[in-house]
$ cat start.pdb   # PDB, C-alpha atoms
ATOM      1  CA  MET R 218      11.040 -12.866 -13.504
ATOM      2  CA  ALA R 219      10.891  -9.124 -12.815
ATOM      3  CA  GLU R 220      13.920  -6.953 -13.365
ATOM      4  CA  PRO R 221      16.031  -6.699 -10.191
ATOM      5  CA  TYR R 222      15.737  -3.576  -8.084
ATOM      6  CA  ARG R 223      18.555  -1.036  -8.245
ATOM      7  CA  LYS R 224      20.376   0.949  -5.605
ATOM      8  CA  GLY R 225      18.790   4.400  -5.297
ATOM      9  CA  GLU R 226      15.346   3.181  -6.433
ATOM     10  CA  TYR R 227      12.251   3.786  -4.309
ATOM     11  CA  VAL R 228       9.944   0.817  -3.737
ATOM     12  CA  ARG R 229       7.104  -0.223  -1.485
ATOM     13  CA  TYR R 230       8.016  -3.023   0.882
ATOM     14  CA  ALA R 231       5.009  -4.861   2.320
ATOM     15  CA  CYS R 232       3.214  -2.538   4.740
ATOM     16  CA  ASN R 233       6.413  -0.694   5.628
ATOM     17  CA  GLY R 234       5.530   1.862   2.971
ATOM     18  CA  VAL R 235       7.920   3.622   0.644
ATOM     19  CA  CYS R 236      11.544   2.584   1.074
ATOM     20  CA  LEU R 237      14.803   3.576  -0.577
ATOM     21  CA  VAL R 238      16.936   0.710  -1.886
ATOM     22  CA  ASP R 239      19.933   2.066  -0.023
ATOM     23  CA  ASP R 240      22.319  -0.704  -1.018
ATOM     24  CA  ILE R 241      22.580  -4.201  -2.434
ATOM     25  CA  ARG R 242      25.372  -6.123  -0.761
ATOM     26  CA  LEU R 243      26.671  -9.390   0.581
ATOM     27  CA  ASP R 244      26.146  -9.835   4.290
ATOM     28  CA  VAL R 245      26.347 -12.702   6.755
ATOM     29  CA  PRO R 246      22.884 -13.302   8.244
ATOM     30  CA  ALA R 247      22.851 -13.071  12.057
ATOM     31  CA  GLY R 248      26.652 -13.155  12.041
ATOM     32  CA  LYS R 249      26.913 -16.791  10.984
ATOM     33  CA  GLY R 250      26.736 -18.923   7.890
ATOM     34  CA  THR R 251      27.728 -18.049   4.372
ATOM     35  CA  PRO R 252      27.309 -14.541   2.986
ATOM     36  CA  LYS R 253      24.067 -13.815   1.141
ATOM     37  CA  GLU R 254      23.074 -10.904  -1.040
ATOM     38  CA  PHE R 255      20.549  -8.493   0.475
ATOM     39  CA  TYR R 256      18.547  -5.458  -0.573
ATOM     40  CA  ILE R 257      19.133  -2.911   2.161
ATOM     41  CA  LEU R 258      15.964  -0.817   2.473
ATOM     42  CA  LYS R 259      15.478   2.444   4.360
ATOM     43  CA  PRO R 260      11.832   3.330   5.028
ATOM     44  CA  VAL R 261      11.200   6.952   4.039
ATOM     45  CA  SER R 262       8.945   7.415   7.085
ATOM     46  CA  ASN R 263      11.645   6.060   9.433
ATOM     47  CA  PRO R 264      15.147   6.469   7.920
ATOM     48  CA  ALA R 265      16.788   5.258  11.149
ATOM     49  CA  SER R 266      15.275   1.829  10.469
ATOM     50  CA  THR R 267      16.845  -0.712   8.117
ATOM     51  CA  ILE R 268      15.176  -3.666   6.427
ATOM     52  CA  PHE R 269      17.285  -6.525   5.036
ATOM     53  CA  VAL R 270      15.613  -8.449   2.204
ATOM     54  CA  PRO R 271      17.531 -11.490   0.909
ATOM     55  CA  THR R 272      17.661 -11.268  -2.892
ATOM     56  CA  GLY R 273      17.493 -15.069  -3.024
ATOM     57  CA  SER R 274      14.161 -15.250  -1.191
ATOM     58  CA  PRO R 275      11.329 -15.013  -3.734
ATOM     59  CA  ALA R 276       8.712 -14.817  -0.958
ATOM     60  CA  LEU R 277      10.360 -11.744   0.598
ATOM     61  CA  VAL R 278      11.369 -10.064  -2.671
ATOM     62  CA  GLU R 279       7.754 -10.507  -3.812
ATOM     63  CA  LYS R 280       6.741  -8.128  -1.005
ATOM     64  CA  MET R 281       8.692  -5.392  -2.790
ATOM     65  CA  ALA R 282       6.929  -3.434  -5.516
ATOM     66  CA  ARG R 283       7.908  -0.576  -7.771
ATOM     67  CA  LEU R 284       6.004   2.630  -7.223
ATOM     68  CA  PRO R 285       3.759   3.793 -10.037
ATOM     69  CA  ASN R 286       4.546   7.044 -11.813
ATOM     70  CA  ARG R 287       1.847   9.755 -11.895
ATOM     71  CA  GLU R 288       0.249   8.459 -15.118
ATOM     72  CA  GLU R 289       0.180   4.863 -13.854
ATOM     73  CA  LEU R 290      -1.255   6.087 -10.551
ATOM     74  CA  ASP R 291      -4.058   7.954 -12.337
ATOM     75  CA  GLN R 292      -4.874   4.859 -14.421
ATOM     76  CA  LEU R 293      -4.879   2.723 -11.285
ATOM     77  CA  ILE R 294      -7.291   5.115  -9.531
ATOM     78  CA  LEU R 295      -9.598   5.245 -12.561
ATOM     79  CA  SER R 296      -9.633   1.431 -12.779
ATOM     80  CA  VAL R 297     -11.302   1.363  -9.364
ATOM     81  CA  LYS R 298     -14.440   2.891 -10.915
ATOM     82  CA  ASP R 299     -14.963  -0.184 -13.088
ATOM     83  CA  HIS R 300     -14.223  -2.756 -10.390
ATOM     84  CA  PRO R 301     -15.803  -1.681  -7.105
ATOM     85  CA  LEU R 302     -15.341  -3.860  -4.060
ATOM     86  CA  PRO R 303     -18.731  -5.154  -2.872
ATOM     87  CA  TRP R 304     -19.811  -4.814   0.749
ATOM     88  CA  ILE R 305     -19.887  -8.256   2.377
ATOM     89  CA  GLU R 306     -22.892  -8.593   4.691
ATOM     90  CA  ASP R 307     -21.414 -11.366   6.850
ATOM     91  CA  ARG R 308     -19.327  -9.497   9.430
ATOM     92  CA  LYS R 309     -16.702 -12.226   9.991
ATOM     93  CA  ALA R 310     -16.207 -12.807   6.252
ATOM     94  CA  ARG R 311     -16.081  -9.055   5.625
ATOM     95  CA  LEU R 312     -13.447  -8.398   8.286
ATOM     96  CA  ALA R 313     -11.344 -11.352   7.123
ATOM     97  CA  SER R 314     -11.512 -10.124   3.519
ATOM     98  CA  PHE R 315     -10.732  -6.525   4.465
ATOM     99  CA  GLN R 316      -7.838  -7.549   6.726
ATOM    100  CA  THR R 317      -6.350  -9.632   3.903
ATOM    101  CA  ILE R 318      -6.445  -6.574   1.624
ATOM    102  CA  VAL R 319      -4.772  -4.358   4.232
ATOM    103  CA  LYS R 320      -2.114  -6.992   4.938
ATOM    104  CA  ALA R 321      -1.280  -7.355   1.211
ATOM    105  CA  CYS R 322      -0.830  -3.554   0.884
ATOM    106  CA  ASP R 323      -1.656  -3.565  -2.840
ATOM    107  CA  LEU R 324      -2.400   0.064  -3.721
ATOM    108  CA  ARG R 325      -5.279  -0.652  -6.105
ATOM    109  CA  GLU R 326      -6.980  -3.013  -3.661
ATOM    110  CA  LEU R 327      -6.475  -0.542  -0.806
ATOM    111  CA  ILE R 328      -8.182   2.196  -2.828
ATOM    112  CA  CYS R 329     -11.060  -0.190  -3.618
ATOM    113  CA  LEU R 330     -11.337  -0.962   0.087
ATOM    114  CA  VAL R 331     -11.426   2.709   1.099
ATOM    115  CA  VAL R 332     -14.077   3.461  -1.512
ATOM    116  CA  CYS R 333     -16.180   0.507  -0.331
ATOM    117  CA  ILE R 334     -15.980   1.364   3.382
ATOM    118  CA  SER R 335     -16.469   5.095   2.733
ATOM    119  CA  ARG R 336     -19.661   4.435   0.731
ATOM    120  CA  ARG R 337     -20.994   2.258   3.530
ATOM    121  CA  LYS R 338     -20.069   4.892   6.108
ATOM    122  CA  ARG R 339     -21.955   7.601   4.178
ATOM    123  CA  SER R 340     -25.050   5.427   3.786
ATOM    124  CA  LEU R 341     -25.031   4.592   7.509
ATOM    125  CA  LEU R 342     -24.597   8.251   8.480
ATOM    126  CA  ALA R 343     -27.593   9.148   6.299
ATOM    127  CA  THR R 344     -29.715   6.828   8.450
ATOM    128  CA  GLY R 345     -28.242   8.074  11.736
ATOM    129  CA  LYS R 346     -26.018   5.035  12.268
ATOM    130  CA  LYS R 347     -22.270   4.696  12.637
ATOM    131  CA  LEU R 348     -19.667   2.484  11.029
ATOM    132  CA  GLY R 349     -18.411  -0.351  13.237
ATOM    133  CA  ALA R 350     -15.147   0.183  15.121
ATOM    134  CA  SER R 351     -13.382  -2.630  13.232
ATOM    135  CA  GLU R 352     -14.285  -1.166   9.847
ATOM    136  CA  GLU R 353     -13.326   2.338  11.014
ATOM    137  CA  THR R 354      -9.904   1.043  12.117
ATOM    138  CA  LEU R 355      -9.377  -0.753   8.799
ATOM    139  CA  LEU R 356     -10.438   2.384   6.918
ATOM    140  CA  GLN R 357      -7.904   4.513   8.775
ATOM    141  CA  ARG R 358      -5.129   1.940   8.277
ATOM    142  CA  ALA R 359      -5.872   1.652   4.540
ATOM    143  CA  GLU R 360      -5.983   5.435   4.149
ATOM    144  CA  GLY R 361      -2.598   5.717   5.855
ATOM    145  CA  LEU R 362      -1.031   3.077   3.604
ATOM    146  CA  ILE R 363      -2.441   4.796   0.510
ATOM    147  CA  ALA R 364      -1.285   8.228   1.668
ATOM    148  CA  ASN R 365       2.259   6.940   2.222
ATOM    149  CA  GLN R 366       2.619   5.792  -1.380
ATOM    150  CA  VAL R 367       0.498   8.357  -3.222
ATOM    151  CA  SER R 368       1.902  11.397  -1.412
ATOM    152  CA  PHE R 369       5.413  10.210  -2.283
ATOM    153  CA  VAL R 370       4.570   9.669  -5.964
ATOM    154  CA  LEU R 371       2.745  13.011  -6.288
ATOM    155  CA  GLN R 372       5.117  14.872  -3.957
ATOM    156  CA  VAL R 373       2.210  16.279  -1.931
ATOM    157  CA  GLU R 374       1.219  16.249   1.732
ATOM    158  CA  ASP R 375      -0.583  13.149   3.043
ATOM    159  CA  SER R 376      -3.626  15.328   3.762
ATOM    160  CA  GLN R 377      -4.026  16.098   0.030
ATOM    161  CA  VAL R 378      -4.176  12.471  -1.110
ATOM    162  CA  GLY R 379      -7.858  11.834  -0.305
ATOM    163  CA  THR R 380      -8.943  14.916  -2.226
ATOM    164  CA  TYR R 381      -6.797  13.951  -5.214
ATOM    165  CA  ILE R 382      -8.249  10.440  -5.364
ATOM    166  CA  ARG R 383     -11.854  11.640  -4.892
ATOM    167  CA  GLU R 384     -11.418  14.172  -7.727
ATOM    168  CA  LYS R 385     -10.081  11.453 -10.037
ATOM    169  CA  LEU R 386     -12.951   9.113  -9.162
ATOM    170  CA  THR R 387     -15.649  11.755  -9.712
ATOM    171  CA  SER R 388     -14.247  13.249 -12.921
TER     172      SER R 388
END
$ encode --input "start.pdb" --output "structure tokens"
Amino acid sequence: MAEPYRKGEYVRYACNGVCLVDDIRLDVPAGKGTPKEFYILKPVSNPASTIFVPTGSPALVEKMARLPNREELDQLILSVKDHPLPWIEDRKARLASFQTIVKACDLRELICLVVCISRRKRSLLATGKKLGASEETLLQRAEGLIANQVSFVLQVEDSQVGTYIREKLTS
């Protein structure tokens, strides 16, 4: 089992993005029952919001992930070169696969997805065609999820994340 998260640590929680573990405390769920221990998370992008994650719920705690440091992030980006995500020709299968990746919010898989869709977009543009609306929406969502985590780790603006990743992938 992974080491428990600590108060003051920054984590990613599902697709809520980067969150501060603001507290770990006993609380009574919905005002009834016996007290349970919770991670109290504050999303960096919305500090007025609070997320309660029961420490005794493996399924919910599994949605939490430690953020990579800069070196780990660079290694993660470089690993995408060796394991590209293939374009799936069947539209329904492709959208289902891509939506699963976005829902899981795994940084490496999100980067693979963005690279895959971006390559397809460039090849379509070269022939005078456009990317489908569904793929364009998934691309934008994935880019936003990546920017949330990577900009926090690198301490840069969201707008600089794409350039950083492209430079790593082409070096």
$ resolve_selection --input "start.pdb" --expression "the PyMOL selection byres ((chain R and resi 321) around 12)" --output "PyMOL selection string"
chain R and resi 229-234+279-282+314-320+322-327+330+359+362
$ atom_distance --input "start.pdb" --atom1 "CA of Pro221 in chain R" --atom2 "CA of Asn286 in chain R"
18.0 Å
$ resolve_selection --input "start.pdb" --expression "the PyMOL selection byres ((chain R and resi 278) around 12)" --output "PyMOL selection string"
chain R and resi 218-222+228-231+254-258+268-277+279-283
$ write_last_selection --input "start.pdb" --atoms "C-alpha atoms" --output "PDB file, keeping the file's coordinate frame"
ATOM      1  CA  MET R 218      11.040 -12.866 -13.504  1.00  0.00           C
ATOM      2  CA  ALA R 219      10.891  -9.124 -12.815  1.00  0.00           C
ATOM      3  CA  GLU R 220      13.920  -6.953 -13.365  1.00  0.00           C
ATOM      4  CA  PRO R 221      16.031  -6.699 -10.191  1.00  0.00           C
ATOM      5  CA  TYR R 222      15.737  -3.576  -8.084  1.00  0.00           C
ATOM      6  CA  VAL R 228       9.944   0.817  -3.737  1.00  0.00           C
ATOM      7  CA  ARG R 229       7.104  -0.223  -1.485  1.00  0.00           C
ATOM      8  CA  TYR R 230       8.016  -3.023   0.882  1.00  0.00           C
ATOM      9  CA  ALA R 231       5.009  -4.861   2.320  1.00  0.00           C
ATOM     10  CA  GLU R 254      23.074 -10.904  -1.040  1.00  0.00           C
ATOM     11  CA  PHE R 255      20.549  -8.493   0.475  1.00  0.00           C
ATOM     12  CA  TYR R 256      18.547  -5.458  -0.573  1.00  0.00           C
ATOM     13  CA  ILE R 257      19.133  -2.911   2.161  1.00  0.00           C
ATOM     14  CA  LEU R 258      15.964  -0.817   2.473  1.00  0.00           C
ATOM     15  CA  ILE R 268      15.176  -3.666   6.427  1.00  0.00           C
ATOM     16  CA  PHE R 269      17.285  -6.525   5.036  1.00  0.00           C
ATOM     17  CA  VAL R 270      15.613  -8.449   2.204  1.00  0.00           C
ATOM     18  CA  PRO R 271      17.531 -11.490   0.909  1.00  0.00           C
ATOM     19  CA  THR R 272      17.661 -11.268  -2.892  1.00  0.00           C
ATOM     20  CA  GLY R 273      17.493 -15.069  -3.024  1.00  0.00           C
ATOM     21  CA  SER R 274      14.161 -15.250  -1.191  1.00  0.00           C
ATOM     22  CA  PRO R 275      11.329 -15.013  -3.734  1.00  0.00           C
ATOM     23  CA  ALA R 276       8.712 -14.817  -0.958  1.00  0.00           C
ATOM     24  CA  LEU R 277      10.360 -11.744   0.598  1.00  0.00           C
ATOM     25  CA  GLU R 279       7.754 -10.507  -3.812  1.00  0.00           C
ATOM     26  CA  LYS R 280       6.741  -8.128  -1.005  1.00  0.00           C
ATOM     27  CA  MET R 281       8.692  -5.392  -2.790  1.00  0.00           C
ATOM     28  CA  ALA R 282       6.929  -3.434  -5.516  1.00  0.00           C
ATOM     29  CA  ARG R 283       7.908  -0.576  -7.771  1.00  0.00           C
TER      30      ARG R 283
END
$ atom_distance --input "start.pdb" --atom1 "CA of Val378 in chain R" --atom2 "CA of Ile363 in chain R"
8.0 Å
$ residues_around --input "start.pdb" --residues "Cys329 in chain R" --least-positions-apart "4" --cutoff "7 Å" --atoms "all atoms listed in the file" --output "MDAnalysis selection string"
chainID R and resid 297 301:302 325 333
$ atom_distance --input "start.pdb" --atom1 "CA of Val331 in chain R" --atom2 "CA of Gln377 in chain R"
15.3 Å
$ closest_residue --input "start.pdb" --among "R:Val370, R:Val332, R:Leu386, R:Leu237" --to "Glu288 in chain R" --atoms "only C-alpha atoms"
R:Val370
$ resolve_selection --input "start.pdb" --expression "the PyMOL selection byres ((chain R and resi 385) around 12)" --output "PDB file with C-alpha atoms, in the frame of the given file"
ATOM      1  CA  GLU R 288       0.249   8.459 -15.118  1.00  0.00           C
ATOM      2  CA  LEU R 290      -1.255   6.087 -10.551  1.00  0.00           C
ATOM      3  CA  ASP R 291      -4.058   7.954 -12.337  1.00  0.00           C
ATOM      4  CA  GLN R 292      -4.874   4.859 -14.421  1.00  0.00           C
ATOM      5  CA  LEU R 293      -4.879   2.723 -11.285  1.00  0.00           C
ATOM      6  CA  ILE R 294      -7.291   5.115  -9.531  1.00  0.00           C
ATOM      7  CA  LEU R 295      -9.598   5.245 -12.561  1.00  0.00           C
ATOM      8  CA  SER R 296      -9.633   1.431 -12.779  1.00  0.00           C
ATOM      9  CA  VAL R 297     -11.302   1.363  -9.364  1.00  0.00           C
ATOM     10  CA  LYS R 298     -14.440   2.891 -10.915  1.00  0.00           C
ATOM     11  CA  ILE R 328      -8.182   2.196  -2.828  1.00  0.00           C
ATOM     12  CA  VAL R 378      -4.176  12.471  -1.110  1.00  0.00           C
ATOM     13  CA  GLY R 379      -7.858  11.834  -0.305  1.00  0.00           C
ATOM     14  CA  THR R 380      -8.943  14.916  -2.226  1.00  0.00           C
ATOM     15  CA  TYR R 381      -6.797  13.951  -5.214  1.00  0.00           C
ATOM     16  CA  ILE R 382      -8.249  10.440  -5.364  1.00  0.00           C
ATOM     17  CA  ARG R 383     -11.854  11.640  -4.892  1.00  0.00           C
ATOM     18  CA  GLU R 384     -11.418  14.172  -7.727  1.00  0.00           C
ATOM     19  CA  LEU R 386     -12.951   9.113  -9.162  1.00  0.00           C
ATOM     20  CA  THR R 387     -15.649  11.755  -9.712  1.00  0.00           C
ATOM     21  CA  SER R 388     -14.247  13.249 -12.921  1.00  0.00           C
TER      22      SER R 388
END
$ closest_residue --input "start.pdb" --among "R:Pro303, R:Arg287, R:Val238, R:Glu360" --to "Gln372 in chain R" --atoms "all atoms listed in the file"
R:Arg287
$ decode --input "start.pdb" --residues "range 301-331 of chain R" --atoms "N, CA, C and O atoms" --output "short mmCIF file (atom, residue, chain, number, x, y, z; two decimals), in the first residue's frame"
data_model
loop_
_atom_site.label_atom_id
_atom_site.label_comp_id
_atom_site.auth_asym_id
_atom_site.auth_seq_id
_atom_site.Cartn_x
_atom_site.Cartn_y
_atom_site.Cartn_z
N PRO R 301 3.70 5.80 -28.38
CA PRO R 301 2.64 6.67 -28.90
C PRO R 301 1.29 5.97 -28.87
O PRO R 301 1.20 4.75 -28.97
N LEU R 302 0.26 6.76 -28.73
CA LEU R 302 -1.10 6.25 -28.74
C LEU R 302 -1.55 6.18 -30.20
O LEU R 302 -1.48 7.18 -30.91
N PRO R 303 -1.98 5.02 -30.67
CA PRO R 303 -2.40 4.92 -32.08
C PRO R 303 -3.77 5.55 -32.30
O PRO R 303 -4.61 5.55 -31.40
N TRP R 304 -3.96 6.08 -33.50
CA TRP R 304 -5.27 6.60 -33.89
C TRP R 304 -6.19 5.41 -34.16
O TRP R 304 -5.80 4.47 -34.86
N ILE R 305 -7.37 5.42 -33.60
CA ILE R 305 -8.33 4.33 -33.79
C ILE R 305 -9.30 4.78 -34.89
O ILE R 305 -9.96 5.81 -34.74
N GLU R 306 -9.36 4.03 -35.96
CA GLU R 306 -10.19 4.42 -37.11
C GLU R 306 -11.69 4.38 -36.81
O GLU R 306 -12.42 5.26 -37.26
N ASP R 307 -12.14 3.40 -36.05
CA ASP R 307 -13.55 3.31 -35.71
C ASP R 307 -13.92 4.45 -34.76
O ASP R 307 -13.41 4.52 -33.63
N ARG R 308 -14.80 5.32 -35.21
CA ARG R 308 -15.13 6.55 -34.46
C ARG R 308 -15.67 6.26 -33.06
O ARG R 308 -15.23 6.86 -32.08
N LYS R 309 -16.61 5.32 -32.95
CA LYS R 309 -17.21 5.01 -31.64
C LYS R 309 -16.15 4.45 -30.69
O LYS R 309 -16.08 4.85 -29.52
N ALA R 310 -15.33 3.54 -31.17
CA ALA R 310 -14.28 2.94 -30.33
C ALA R 310 -13.26 4.01 -29.94
O ALA R 310 -12.78 4.03 -28.81
N ARG R 311 -12.92 4.88 -30.89
CA ARG R 311 -11.95 5.93 -30.63
C ARG R 311 -12.46 6.88 -29.53
O ARG R 311 -11.76 7.16 -28.56
N LEU R 312 -13.69 7.34 -29.68
CA LEU R 312 -14.24 8.28 -28.69
C LEU R 312 -14.36 7.62 -27.33
O LEU R 312 -14.06 8.25 -26.30
N ALA R 313 -14.76 6.37 -27.29
CA ALA R 313 -14.86 5.66 -26.00
C ALA R 313 -13.48 5.55 -25.35
O ALA R 313 -13.33 5.80 -24.15
N SER R 314 -12.48 5.20 -26.14
CA SER R 314 -11.11 5.07 -25.63
C SER R 314 -10.59 6.41 -25.13
O SER R 314 -10.03 6.51 -24.03
N PHE R 315 -10.79 7.45 -25.94
CA PHE R 315 -10.30 8.78 -25.57
C PHE R 315 -11.02 9.32 -24.33
O PHE R 315 -10.40 9.93 -23.46
N GLN R 316 -12.32 9.08 -24.23
CA GLN R 316 -13.07 9.54 -23.07
C GLN R 316 -12.61 8.83 -21.80
O GLN R 316 -12.54 9.44 -20.73
N THR R 317 -12.28 7.56 -21.91
CA THR R 317 -11.77 6.80 -20.77
C THR R 317 -10.45 7.40 -20.28
O THR R 317 -10.23 7.54 -19.07
N ILE R 318 -9.59 7.79 -21.21
CA ILE R 318 -8.30 8.40 -20.85
C ILE R 318 -8.54 9.73 -20.13
O ILE R 318 -7.94 10.00 -19.09
N VAL R 319 -9.42 10.55 -20.68
CA VAL R 319 -9.70 11.86 -20.06
C VAL R 319 -10.30 11.68 -18.67
O VAL R 319 -9.93 12.37 -17.72
N LYS R 320 -11.20 10.72 -18.53
CA LYS R 320 -11.86 10.48 -17.24
C LYS R 320 -10.85 10.01 -16.18
O LYS R 320 -10.94 10.38 -15.01
N ALA R 321 -9.87 9.20 -16.59
CA ALA R 321 -8.87 8.68 -15.64
C ALA R 321 -7.90 9.77 -15.19
O ALA R 321 -7.33 9.68 -14.10
N CYS R 322 -7.67 10.77 -16.02
CA CYS R 322 -6.81 11.92 -15.69
C CYS R 322 -5.36 11.55 -15.39
O CYS R 322 -4.67 12.29 -14.69
N ASP R 323 -4.89 10.43 -15.92
CA ASP R 323 -3.49 10.06 -15.75
C ASP R 323 -2.64 10.95 -16.66
O ASP R 323 -2.88 11.01 -17.88
N LEU R 324 -1.67 11.64 -16.09
CA LEU R 324 -0.90 12.64 -16.82
C LEU R 324 -0.22 12.06 -18.05
O LEU R 324 -0.28 12.64 -19.14
N ARG R 325 0.44 10.92 -17.91
CA ARG R 325 1.14 10.32 -19.04
C ARG R 325 0.18 9.98 -20.17
O ARG R 325 0.42 10.28 -21.34
N GLU R 326 -0.95 9.37 -19.82
CA GLU R 326 -1.94 9.00 -20.83
C GLU R 326 -2.56 10.23 -21.48
O GLU R 326 -2.85 10.23 -22.68
N LEU R 327 -2.76 11.28 -20.70
CA LEU R 327 -3.30 12.53 -21.26
C LEU R 327 -2.33 13.12 -22.28
O LEU R 327 -2.75 13.59 -23.34
N ILE R 328 -1.04 13.10 -21.97
CA ILE R 328 -0.04 13.62 -22.91
C ILE R 328 -0.04 12.77 -24.18
O ILE R 328 -0.01 13.31 -25.29
N CYS R 329 -0.10 11.46 -24.03
CA CYS R 329 -0.19 10.57 -25.20
C CYS R 329 -1.40 10.91 -26.05
O CYS R 329 -1.33 10.95 -27.28
N LEU R 330 -2.52 11.16 -25.40
CA LEU R 330 -3.76 11.50 -26.09
C LEU R 330 -3.61 12.81 -26.87
O LEU R 330 -3.99 12.89 -28.04
N VAL R 331 -3.05 13.82 -26.24
CA VAL R 331 -2.87 15.11 -26.90
C VAL R 331 -1.94 14.98 -28.11
O VAL R 331 -2.21 15.54 -29.18
#
